[in-house]
file start-v6.csv (CSV, C-alpha atoms)
chain,number,residue,atom,x,y,z
L,280,MET,CA,0.0,0.0,0.0
L,281,ALA,CA,1.4,3.4,-1.0
L,282,ASP,CA,2.1,6.0,1.6
L,283,THR,CA,-0.6,8.8,2.0
L,284,PHE,CA,0.7,12.4,1.9
L,285,TYR,CA,-1.4,15.4,2.9
L,286,PHE,CA,-1.2,18.7,1.2
L,287,SER,CA,-2.3,22.1,2.6
L,288,ARG,CA,-4.4,22.8,-0.5
L,289,ASP,CA,-6.5,19.8,0.3
L,290,THR,CA,-7.5,21.1,3.7
L,291,LYS,CA,-11.0,22.2,4.8
L,292,VAL,CA,-11.7,24.1,8.0
L,293,HIS,CA,-15.0,24.1,9.8
L,294,LEU,CA,-16.0,26.2,12.8
L,295,THR,CA,-18.6,25.0,15.3
L,296,ASP,CA,-19.8,27.9,17.4
L,297,SER,CA,-21.2,27.8,21.0
L,298,ALA,CA,-24.8,27.4,19.5
L,299,SER,CA,-23.7,24.3,17.5
L,300,ALA,CA,-23.9,26.1,14.1
L,301,VAL,CA,-21.2,24.7,11.8
L,302,TYR,CA,-19.5,27.3,9.5
L,303,ASN,CA,-17.4,26.4,6.5
L,304,ILE,CA,-14.4,28.8,6.7
L,305,PRO,CA,-12.5,29.1,3.5
L,306,VAL,CA,-8.9,29.8,4.6
L,307,LEU,CA,-5.8,30.9,2.6
L,308,ASP,CA,-2.5,29.2,2.3
L,309,GLY,CA,-0.2,29.6,5.3
L,310,PHE,CA,-2.5,28.4,8.1
L,311,SER,CA,-1.0,26.8,11.1
L,312,PHE,CA,-1.9,25.2,14.5
L,313,SER,CA,0.3,23.7,17.2
L,314,GLN,CA,0.6,22.9,20.9
L,315,ALA,CA,3.6,22.8,23.1
L,316,THR,CA,4.3,21.4,26.6
L,317,ASN,CA,5.5,23.0,29.7
L,318,THR,CA,8.3,21.0,31.4
L,319,THR,CA,10.4,21.1,34.5
L,320,GLU,CA,14.1,20.0,34.4
L,321,VAL,CA,15.7,18.6,37.5
L,322,THR,CA,19.6,18.5,37.5
L,323,LEU,CA,22.2,17.2,39.9
L,324,ASN,CA,25.0,19.4,41.0
L,325,GLU,CA,27.4,17.8,43.4
L,326,MET,CA,31.1,17.5,44.2
L,327,THR,CA,33.0,14.3,43.5
L,328,ASN,CA,33.0,11.4,45.9
L,329,SER,CA,36.2,9.6,47.1
L,330,SER,CA,36.5,7.8,43.8
L,331,GLY,CA,36.4,11.1,41.8
L,332,VAL,CA,32.9,10.5,40.5
L,333,SER,CA,30.4,13.3,40.2
L,334,ARG,CA,26.9,12.5,39.0
L,335,ARG,CA,25.8,14.6,36.1
L,336,ALA,CA,22.3,13.3,35.2
L,337,ARG,CA,19.1,15.2,34.7
L,338,GLN,CA,15.4,14.4,34.8
L,339,MET,CA,12.5,15.9,32.8
L,340,PHE,CA,8.9,16.2,33.9
L,341,THR,CA,5.9,17.3,31.8
L,342,ASP,CA,3.9,19.7,33.9
L,343,SER,CA,1.2,20.8,31.5
L,344,TYR,CA,0.1,21.5,28.0
L,345,ALA,CA,0.5,25.0,26.8
L,346,PRO,CA,-2.6,26.5,25.1
L,347,ALA,CA,-3.0,25.4,21.5
L,348,GLU,CA,-2.2,28.2,19.1
L,349,TRP,CA,-3.8,28.6,15.7
L,350,SER,CA,-3.6,31.2,12.9
L,351,PHE,CA,-4.9,31.6,9.3
L,352,SER,CA,-6.1,34.2,6.9
L,353,THR,CA,-9.5,34.6,5.3
L,354,TYR,CA,-10.9,37.0,2.7
L,355,ILE,CA,-13.4,39.6,4.0
L,356,ARG,CA,-16.6,38.6,2.2
L,357,PRO,CA,-19.9,40.3,3.0
L,358,PHE,CA,-23.0,39.2,1.2
L,359,ALA,CA,-26.8,39.5,1.3
L,360,THR,CA,-28.6,36.2,1.9
L,361,GLY,CA,-31.4,35.0,-0.3
L,362,GLY,CA,-33.4,34.2,2.9
L,363,GLY,CA,-35.0,30.9,4.0
L,364,GLY,CA,-32.1,29.5,6.0
L,365,SER,CA,-31.8,26.4,3.9
L,366,GLY,CA,-29.2,25.1,1.5
L,367,GLY,CA,-26.3,26.6,3.5
L,368,GLU,CA,-27.8,30.1,3.7
L,369,HIS,CA,-27.1,31.9,6.9
L,370,GLY,CA,-30.9,32.4,7.5
L,371,GLY,CA,-33.0,35.4,8.4
L,372,SER,CA,-35.0,37.5,5.9
L,373,ALA,CA,-34.0,37.8,2.3
L,374,GLY,CA,-31.5,40.7,1.9
L,375,ASP,CA,-30.1,40.4,5.4
L,376,GLU,CA,-26.3,41.2,5.3
L,377,HIS,CA,-23.9,38.5,6.5
L,378,MET,CA,-20.2,37.7,6.2
L,379,VAL,CA,-18.7,34.3,5.2
L,380,GLU,CA,-16.3,34.6,8.2
L,381,GLU,CA,-18.8,36.3,10.5
L,382,ALA,CA,-18.4,33.7,13.3
L,383,LEU,CA,-14.8,34.8,13.7
L,384,TRP,CA,-15.7,38.5,13.9
L,385,ASN,CA,-18.4,37.6,16.4
L,386,ALA,CA,-16.0,35.7,18.6
L,387,LEU,CA,-13.5,38.6,18.4
L,388,ALA,CA,-16.1,41.1,19.7
L,389,GLY,CA,-18.8,39.2,21.6
L,390,SER,CA,-19.6,36.9,24.5
L,391,GLY,CA,-22.3,34.9,22.8
L,392,ALA,CA,-22.9,33.1,19.5
L,393,VAL,CA,-24.3,34.9,16.4
L,394,GLY,CA,-28.0,35.5,17.0
L,395,ALA,CA,-27.6,34.9,20.8
L,396,THR,CA,-27.4,37.3,23.7
L,397,GLY,CA,-24.0,38.9,23.8
L,398,ALA,CA,-23.3,38.5,20.1
L,399,GLY,CA,-20.6,40.7,18.6
L,400,PHE,CA,-22.0,40.4,15.0
L,401,THR,CA,-25.6,41.4,14.2
L,402,THR,CA,-27.4,41.4,10.9
L,403,SER,CA,-30.0,43.6,9.3
L,404,ALA,CA,-31.4,44.3,5.8
L,405,SER,CA,-29.0,47.3,5.5
L,406,ALA,CA,-25.7,46.0,7.0
L,407,GLY,CA,-23.9,43.4,9.0
L,408,THR,CA,-22.5,45.2,12.0
L,409,ILE,CA,-19.4,44.2,14.2
L,410,ALA,CA,-19.6,46.1,17.5
L,411,PHE,CA,-17.8,45.6,20.8
L,412,THR,CA,-20.8,46.4,22.9
L,413,ASN,CA,-20.7,43.0,24.6
L,414,SER,CA,-16.9,42.7,24.8
L,415,ASN,CA,-16.3,44.0,28.3
L,416,LYS,CA,-16.3,40.5,29.7
L,417,ALA,CA,-13.8,38.3,31.5
L,418,ALA,CA,-14.4,35.6,28.8
L,419,LEU,CA,-15.6,35.9,25.2
L,420,ASP,CA,-17.4,33.4,23.0
L,421,THR,CA,-15.7,30.1,22.3
L,422,PHE,CA,-15.8,27.7,19.4
L,423,THR,CA,-14.3,24.5,18.0
L,424,LEU,CA,-12.0,24.5,14.9
L,425,THR,CA,-11.8,21.3,12.9
L,426,PHE,CA,-9.1,20.8,10.2
L,427,GLU,CA,-9.6,18.0,7.6
L,428,MET,CA,-6.2,17.2,6.1
L,429,GLY,CA,-6.6,15.4,2.8
L,430,SER,CA,-10.2,16.4,2.2
L,431,GLY,CA,-11.7,14.2,-0.5
L,432,LYS,CA,-9.3,11.3,0.2
L,433,SER,CA,-10.6,8.0,1.4
L,434,ASN,CA,-8.6,8.3,4.7
L,435,PRO,CA,-8.3,12.0,5.7
L,436,THR,CA,-6.7,13.0,9.0
L,437,ILE,CA,-8.9,15.3,11.0
L,438,TYR,CA,-7.8,17.4,13.9
L,439,SER,CA,-10.0,19.3,16.3
L,440,ILE,CA,-9.1,22.3,18.6
L,441,SER,CA,-11.6,22.7,21.4
L,442,ASN,CA,-12.5,25.9,23.3
L,443,CYS,CA,-11.0,28.2,20.8
L,444,VAL,CA,-10.9,32.0,21.2
L,445,VAL,CA,-10.0,34.8,18.8
L,446,ASN,CA,-7.1,36.7,20.3
L,447,GLU,CA,-6.2,39.1,17.4
L,448,VAL,CA,-7.1,40.1,13.9
L,449,THR,CA,-5.1,42.2,11.5
L,450,VAL,CA,-6.5,43.8,8.3
L,451,ASP,CA,-3.9,45.1,5.8
L,452,PHE,CA,-4.6,47.6,3.0
L,453,ASP,CA,-2.5,46.0,0.3
L,454,ILE,CA,-3.2,48.4,-2.6
L,455,ASP,CA,-3.1,45.7,-5.3
L,456,GLY,CA,-4.7,42.9,-3.2
L,457,ILE,CA,-8.1,41.6,-2.0
L,458,ALA,CA,-9.2,42.5,1.5
L,459,THR,CA,-8.1,39.8,3.9
L,460,ALA,CA,-8.0,39.3,7.6
L,461,GLN,CA,-5.2,37.5,9.5
L,462,TRP,CA,-6.7,35.7,12.5
L,463,SER,CA,-4.9,34.2,15.4
L,464,GLY,CA,-6.0,32.7,18.7
L,465,PHE,CA,-5.8,30.0,21.3
L,466,GLY,CA,-7.6,26.7,22.2
L,467,SER,CA,-7.5,24.2,25.0
L,468,LEU,CA,-6.4,21.0,23.3
L,469,ILE,CA,-5.6,19.6,19.8
L,470,SER,CA,-7.0,16.1,19.3
L,471,GLU,CA,-7.5,13.7,16.4
L,472,THR,CA,-11.2,13.0,15.6
L,473,GLY,CA,-12.9,10.5,13.4
L,474,SER,CA,-15.2,12.6,11.4
L,475,MET,CA,-15.6,16.2,10.0
L,476,PRO,CA,-18.7,18.0,11.2
L,477,THR,CA,-21.2,18.8,8.4
L,478,ALA,CA,-21.3,22.5,7.6
L,479,THR,CA,-24.6,24.2,7.9
L,480,LYS,CA,-23.4,27.7,7.1
L,481,TYR,CA,-21.5,28.0,3.8
L,482,GLU,CA,-23.2,30.8,1.8
L,483,GLY,CA,-20.9,32.6,-0.7
L,484,THR,CA,-18.2,29.9,-0.9
L,485,ALA,CA,-19.1,28.5,-4.4
L,486,ALA,CA,-16.4,29.0,-7.0
L,487,ALA,CA,-18.8,31.1,-9.1
L,488,ASP,CA,-19.5,33.6,-6.2
L,489,THR,CA,-16.7,36.1,-6.9
L,490,ASN,CA,-18.8,39.3,-6.6
L,491,ASN,CA,-18.3,39.6,-2.9
L,492,PHE,CA,-14.6,40.0,-2.8
L,493,ILE,CA,-13.4,43.4,-1.7
L,494,ARG,CA,-10.7,45.2,-3.7
L,495,ASN,CA,-8.4,47.2,-1.5
L,496,ARG,CA,-7.4,49.7,-4.2
L,497,LEU,CA,-10.8,51.3,-3.9
L,498,THR,CA,-10.4,52.0,-0.2
L,499,ASP,CA,-10.8,55.6,1.0
L,500,LEU,CA,-10.1,57.3,4.3
L,501,THR,CA,-11.7,60.3,6.0
L,502,VAL,CA,-9.7,62.0,8.8
L,503,THR,CA,-11.4,64.6,10.9
L,504,ALA,CA,-9.9,66.4,13.9
L,505,THR,CA,-12.4,67.2,16.7
L,506,ALA,CA,-12.4,69.3,19.8
L,507,ALA,CA,-15.0,68.8,22.5
L,508,GLY,CA,-17.2,67.1,20.0
L,509,ASP,CA,-17.0,69.9,17.4
L,510,ILE,CA,-15.6,69.2,14.0
L,511,VAL,CA,-12.5,71.3,13.5
L,512,THR,CA,-10.6,70.1,10.4
L,513,ALA,CA,-11.2,67.5,7.7
L,514,TYR,CA,-8.1,66.3,5.9
L,515,ALA,CA,-8.1,65.3,2.3
L,516,LEU,CA,-5.8,62.1,2.3
L,517,THR,CA,-5.4,59.5,-0.4
L,518,LEU,CA,-4.1,56.2,1.0
L,519,THR,CA,-1.1,54.3,-0.4
L,520,GLY,CA,-1.4,51.5,2.2
L,521,GLY,CA,-2.0,50.8,5.8
L,522,SER,CA,-3.3,48.3,8.4
L,523,PHE,CA,-5.1,48.0,11.7
L,524,THR,CA,-5.0,45.4,14.4
L,525,ILE,CA,-7.6,44.5,17.1
L,526,SER,CA,-6.3,42.5,20.0
L,527,ASN,CA,-8.0,40.9,23.0
L,528,ASN,CA,-4.7,40.2,24.7
L,529,MET,CA,-5.9,36.8,26.0
L,530,THR,CA,-4.2,34.6,28.6
L,531,TYR,CA,-5.0,31.0,29.5
L,532,LEU,CA,-5.3,29.6,32.9
L,533,THR,CA,-3.8,26.2,33.6
L,534,PRO,CA,-3.9,24.3,36.9
L,535,GLU,CA,-0.6,23.0,38.5
L,536,THR,CA,-1.5,19.8,40.2
L,537,LEU,CA,1.5,17.5,40.9
L,538,GLY,CA,1.6,14.1,39.4
L,539,LEU,CA,-0.6,15.1,36.4
L,540,VAL,CA,-0.1,16.5,33.0
L,541,ASN,CA,-2.4,19.5,33.4
L,542,GLN,CA,-4.5,20.9,30.5
L,543,PRO,CA,-5.5,24.5,29.9
L,544,LEU,CA,-8.6,25.4,31.8
L,545,GLY,CA,-9.9,28.4,30.1
L,546,HIS,CA,-9.2,31.9,28.9
L,547,VAL,CA,-9.3,35.4,30.4
L,548,THR,CA,-9.5,38.6,28.4
L,549,GLY,CA,-6.9,41.3,28.8
L,550,THR,CA,-6.7,44.9,27.7
L,551,ARG,CA,-8.6,45.5,24.4
L,552,ALA,CA,-6.2,47.3,22.0
L,553,VAL,CA,-7.0,48.8,18.6
L,554,SER,CA,-4.2,50.3,16.7
L,555,GLY,CA,-2.7,50.6,13.2
L,556,ALA,CA,-1.0,52.9,10.7
L,557,PHE,CA,-1.7,54.4,7.3
L,558,THR,CA,0.5,55.8,4.6
L,559,CYS,CA,-0.2,58.6,2.1
L,560,TYR,CA,1.8,60.9,-0.1
L,561,LEU,CA,3.0,64.2,1.3
L,562,ASN,CA,0.9,66.7,-0.6
L,563,THR,CA,-0.6,70.1,-0.6
L,564,PRO,CA,-3.9,70.1,-2.6
L,565,ALA,CA,-5.3,73.3,-4.1
L,566,SER,CA,-8.1,73.3,-1.5
L,567,GLY,CA,-8.7,71.5,1.8
L,568,ALA,CA,-6.4,70.4,4.5
L,569,SER,CA,-3.6,68.1,3.2
L,570,SER,CA,-1.3,65.5,4.7
L,571,ALA,CA,1.3,68.3,5.1
L,572,ASP,CA,-1.3,70.1,7.2
L,573,LEU,CA,-1.9,67.0,9.3
L,574,PHE,CA,1.8,66.7,10.1
L,575,GLU,CA,2.0,70.4,11.0
L,576,ASP,CA,-1.1,70.3,13.2
L,577,ILE,CA,0.1,67.3,15.2
L,578,ILE,CA,3.7,68.3,15.7
L,579,GLU,CA,2.6,71.8,16.7
L,580,SER,CA,0.1,70.6,19.3
L,581,THR,CA,2.6,70.8,22.1
L,582,SER,CA,-0.1,71.4,24.7
L,583,VAL,CA,-2.4,68.5,23.7
L,584,VAL,CA,-1.7,65.4,25.8
L,585,THR,CA,-4.1,63.2,23.9
L,586,ASN,CA,-5.3,64.4,20.5
L,587,ASP,CA,-8.6,63.4,19.1
L,588,PHE,CA,-9.2,62.3,15.5
L,589,ASN,CA,-12.1,60.5,13.8
L,590,LEU,CA,-10.9,58.0,11.3
L,591,VAL,CA,-13.3,56.3,8.8
L,592,PHE,CA,-11.8,53.6,6.5
L,593,VAL,CA,-14.1,52.5,3.7
L,594,ILE,CA,-12.5,49.3,2.5
L,595,GLY,CA,-13.8,48.8,-1.0
L,596,GLY,CA,-14.8,52.4,-1.6
L,597,THR,CA,-17.7,54.6,-0.5
L,598,GLY,CA,-21.0,53.5,-2.0
L,599,ASN,CA,-19.6,50.3,-3.5
L,600,SER,CA,-20.8,46.8,-2.8
L,601,PRO,CA,-19.1,44.9,-1.3
L,602,ARG,CA,-17.4,47.1,1.2
L,603,LEU,CA,-16.4,47.2,4.9
L,604,THR,CA,-16.6,50.6,6.7
L,605,VAL,CA,-14.4,50.8,9.8
L,606,THR,CA,-15.1,53.8,12.1
L,607,LEU,CA,-12.7,54.7,14.8
L,608,PRO,CA,-14.2,57.9,16.4
L,609,THR,CA,-11.6,58.7,19.0
L,610,CYS,CA,-8.1,58.1,17.7
L,611,HIS,CA,-4.8,59.4,19.2
L,612,LEU,CA,-2.4,60.0,16.3
L,613,GLU,CA,1.3,59.9,16.7
L,614,VAL,CA,3.5,62.4,14.8
L,615,PRO,CA,3.7,61.1,11.1
L,616,THR,CA,7.1,60.0,9.9
L,617,HIS,CA,8.5,60.8,6.5
L,618,SER,CA,9.7,58.2,4.1
L,619,ILE,CA,12.0,59.7,1.5
L,620,ASP,CA,11.6,57.9,-1.9
L,621,ASP,CA,10.9,59.0,-5.5
L,622,LEU,CA,7.7,60.4,-4.0
L,623,VAL,CA,7.8,61.5,-0.3
L,624,THR,CA,5.2,59.7,1.8
L,625,LEU,CA,4.0,60.0,5.4
L,626,GLU,CA,3.2,57.1,7.7
L,627,THR,CA,0.9,57.9,10.6
L,628,THR,CA,0.4,55.5,13.5
L,629,PHE,CA,-2.9,55.7,15.3
L,630,HIS,CA,-4.4,54.2,18.5
L,631,ALA,CA,-8.2,53.9,18.7
L,632,LEU,CA,-9.4,54.8,22.2
L,633,PRO,CA,-12.8,54.6,23.9
L,634,THR,CA,-14.6,57.8,24.9
L,635,SER,CA,-14.2,56.7,28.5
L,636,VAL,CA,-12.4,54.0,30.4
L,637,ASP,CA,-15.5,51.8,30.7
L,638,ALA,CA,-16.8,52.5,27.1
L,639,VAL,CA,-16.6,50.0,24.3
L,640,ASP,CA,-16.7,52.3,21.3
L,641,GLU,CA,-13.1,52.2,20.0
L,642,VAL,CA,-14.2,50.7,16.7
L,643,THR,CA,-17.3,49.7,14.8
L,644,MET,CA,-17.4,47.9,11.5
L,645,VAL,CA,-20.3,47.8,9.0
L,646,ALA,CA,-20.3,45.3,6.1
L,647,VAL,CA,-22.4,45.5,3.0
L,648,GLY,CA,-22.3,43.0,0.2
L,649,PRO,CA,-24.2,41.8,-2.9
L,650,THR,CA,-26.6,38.9,-3.0
L,651,VAL,CA,-24.8,35.7,-3.9
L,652,THR,CA,-26.2,32.4,-5.2

call {"tool": "encode", "arguments": {"input": "start-v6.csv", "output": "structure tokens"}}
result
Amino acid sequence: MADTFYFSRDTKVHLTDSASAVYNIPVLDGFSFSQATNTTEVTLNEMTNSSGVSRRARQMFTDSYAPAEWSFSTYIRPFATGGGGSGGEHGGSAGDEHMVEEALWNALAGSGAVGATGAGFTTSASAGTIAFTNSNKAALDTFTLTFEMGSGKSNPTIYSISNCVVNEVTVDFDIDGIATAQWSGFGSLISETGSMPTATKYEGTAAADTNNFIRNRLTDLTVTATAAGDIVTAYALTLTGGSFTISNNMTYLTPETLGLVNQPLGHVTGTRAVSGAFTCYLNTPASGASSADLFEDIIESTSVVTNDFNLVFVIGGTGNSPRLTVTLPTCHLEVPTHSIDDLVTLETTFHALPTSVDAVDEVTMVAVGPTVT
């Protein structure tokens, strides 16, 4: 019998959320998952005996499993459902806006499954909304990831990661690319399982459904300086690139009982952090505030401890479908840095902050997409 080899391109990924809905998650090349062990090493350190012998042995003990780590990338794919909730549709009324990867966005921002109390993703006829209203919790929503290696073969190998959480997502504005999200997180344990769960949510993943991919080149940005809630200056900036990252700064708790190989117990959320950077040409347009004005205004604000800018990224372009609108209403901008090339550019780092220490309004995302078959 010939050996069986497994190729990454033959892999399927399913996500089972806390409400038992099973999502087919189309991932890109470069996914990974792993789990390490925490060990203790005991060594001997003694002088020689009368025969000149000094023992130099050591012993190793496995204390616990470290949390499983996983990462992969997906395209950002909003779509409007045909309604009915059958044949893989996400359900709801016809025209309700969803996202192929909505279960991941939901787990990033919410403490309950999609459609349940505490959800981070909600749908309506006008938009799919990702909000962090329910994210000020010690624990967020968990799910199970299942990787089928060698999908379509007679003997695939299937791995399952239980109690997964989304720790971080990064969205890059690659000017010539398609909008993607890089996901990473943790889980309790990687185990081999005998069967792949049957996906019940897989709208928009057919090969012919290409009208809900977002083109980054169409992305636009509005930067508005505010003071005490009043609009002061709107800057006319044209992006050449950028990215933003949302992190939950998760940690895992693991018991330390002697004589056992302890397994991770569960996660705890840390500080929520939203930050990123954008690049644009250094310019002075005929009218309106320019990137040069933005640099001047920030560097001359020597009496402002925390500046206040409203940033709105429209990934895919204003008025277009599909698109993802990312609103960061209270951003602290660092002084832009110059990059000297054929054309001089500015890179501006930003930190999205809440309006108060107990608020959850650092970022809101709204997705709009076309109806797919």

call {"tool": "atom_distance", "arguments": {"input": "start-v6.csv", "atom1": "CA of Thr643 in chain L", "atom2": "CA of Val605 in chain L"}}
result
5.9 Å

call {"tool": "residues_around", "arguments": {"input": "start-v6.csv", "residues": "Asp499 in chain L", "least_positions_apart": "4", "cutoff": "9 Å", "atoms": "all atoms listed in the file", "output": "compact mmCIF listing (two decimals) with C-alpha atoms, keeping the file's coordinate frame"}}
result
# COMPACT_ATOMS: atom_id res chain seq x y z
CA LEU L 516 -5.80 62.10 2.30
CA THR L 517 -5.40 59.50 -0.40
CA LEU L 518 -4.10 56.20 1.00
CA VAL L 591 -13.30 56.30 8.80
CA PHE L 592 -11.80 53.60 6.50
CA VAL L 593 -14.10 52.50 3.70
CA ILE L 594 -12.50 49.30 2.50
CA GLY L 595 -13.80 48.80 -1.00
CA GLY L 596 -14.80 52.40 -1.60
CA THR L 597 -17.70 54.60 -0.50

call {"tool": "closest_residue", "arguments": {"input": "start-v6.csv", "among": "L:Thr563, L:Thr341, L:Ser297, L:Asn385", "to": "Thr536 in chain L", "atoms": "all atoms listed in the file"}}
result
L:Thr341

call {"tool": "atom_distance", "arguments": {"input": "start-v6.csv", "atom1": "CA of Ser554 in chain L", "atom2": "CA of Gly567 in chain L"}}
result
26.3 Å

call {"tool": "closest_residue", "arguments": {"input": "start-v6.csv", "among": "L:Thr628, L:Thr423, L:Thr316, L:Asn324", "to": "Val292 in chain L", "atoms": "all atoms listed in the file"}}
result
L:Thr423

call {"tool": "closest_residue", "arguments": {"input": "start-v6.csv", "among": "L:Phe588, L:Phe523, L:Tyr514, L:Trp462", "to": "Ser569 in chain L", "atoms": "only C-alpha atoms"}}
result
L:Tyr514

call {"tool": "build_atoms", "arguments": {"input": "start-v6.csv", "residues": "range 314-328 of chain L", "atoms": "N, CA and C atoms", "output": "PDB file, in the coordinates of the input"}}
result
ATOM      1  N   GLN L 314       0.693  22.892  19.432  1.00  0.00           N
ATOM      2  CA  GLN L 314       0.600  22.900  20.900  1.00  0.00           C
ATOM      3  C   GLN L 314       1.867  22.398  21.492  1.00  0.00           C
ATOM      4  N   ALA L 315       2.353  23.107  22.476  1.00  0.00           N
ATOM      5  CA  ALA L 315       3.600  22.800  23.100  1.00  0.00           C
ATOM      6  C   ALA L 315       3.337  22.274  24.553  1.00  0.00           C
ATOM      7  N   THR L 316       4.375  21.785  25.213  1.00  0.00           N
ATOM      8  CA  THR L 316       4.300  21.400  26.600  1.00  0.00           C
ATOM      9  C   THR L 316       5.152  22.207  27.493  1.00  0.00           C
ATOM     10  N   ASN L 317       4.725  22.363  28.716  1.00  0.00           N
ATOM     11  CA  ASN L 317       5.500  23.000  29.700  1.00  0.00           C
ATOM     12  C   ASN L 317       6.212  21.963  30.575  1.00  0.00           C
ATOM     13  N   THR L 318       7.525  22.037  30.678  1.00  0.00           N
ATOM     14  CA  THR L 318       8.300  21.000  31.400  1.00  0.00           C
ATOM     15  C   THR L 318       9.141  21.585  32.482  1.00  0.00           C
ATOM     16  N   THR L 319       9.511  20.711  33.399  1.00  0.00           N
ATOM     17  CA  THR L 319      10.400  21.100  34.500  1.00  0.00           C
ATOM     18  C   THR L 319      11.659  20.160  34.345  1.00  0.00           C
ATOM     19  N   GLU L 320      12.839  20.745  34.410  1.00  0.00           N
ATOM     20  CA  GLU L 320      14.100  20.000  34.400  1.00  0.00           C
ATOM     21  C   GLU L 320      14.735  19.990  35.738  1.00  0.00           C
ATOM     22  N   VAL L 321      15.079  18.796  36.228  1.00  0.00           N
ATOM     23  CA  VAL L 321      15.700  18.600  37.500  1.00  0.00           C
ATOM     24  C   VAL L 321      17.156  18.134  37.248  1.00  0.00           C
ATOM     25  N   THR L 322      18.156  18.853  37.759  1.00  0.00           N
ATOM     26  CA  THR L 322      19.600  18.500  37.500  1.00  0.00           C
ATOM     27  C   THR L 322      20.281  18.211  38.826  1.00  0.00           C
ATOM     28  N   LEU L 323      21.326  17.431  38.715  1.00  0.00           N
ATOM     29  CA  LEU L 323      22.200  17.200  39.900  1.00  0.00           C
ATOM     30  C   LEU L 323      23.421  18.051  39.778  1.00  0.00           C
ATOM     31  N   ASN L 324      23.831  18.572  40.920  1.00  0.00           N
ATOM     32  CA  ASN L 324      25.000  19.400  41.000  1.00  0.00           C
ATOM     33  C   ASN L 324      25.739  19.148  42.273  1.00  0.00           C
ATOM     34  N   GLU L 325      26.714  18.250  42.191  1.00  0.00           N
ATOM     35  CA  GLU L 325      27.400  17.800  43.400  1.00  0.00           C
ATOM     36  C   GLU L 325      28.890  17.711  43.185  1.00  0.00           C
ATOM     37  N   MET L 326      29.620  17.706  44.291  1.00  0.00           N
ATOM     38  CA  MET L 326      31.100  17.500  44.200  1.00  0.00           C
ATOM     39  C   MET L 326      31.378  16.033  44.018  1.00  0.00           C
ATOM     40  N   THR L 327      32.630  15.725  43.753  1.00  0.00           N
ATOM     41  CA  THR L 327      33.000  14.300  43.500  1.00  0.00           C
ATOM     42  C   THR L 327      33.064  13.564  44.834  1.00  0.00           C
ATOM     43  N   ASN L 328      32.861  12.238  44.708  1.00  0.00           N
ATOM     44  CA  ASN L 328      33.000  11.400  45.900  1.00  0.00           C
ATOM     45  C   ASN L 328      34.488  10.946  45.997  1.00  0.00           C
TER      46      ASN L 328
END
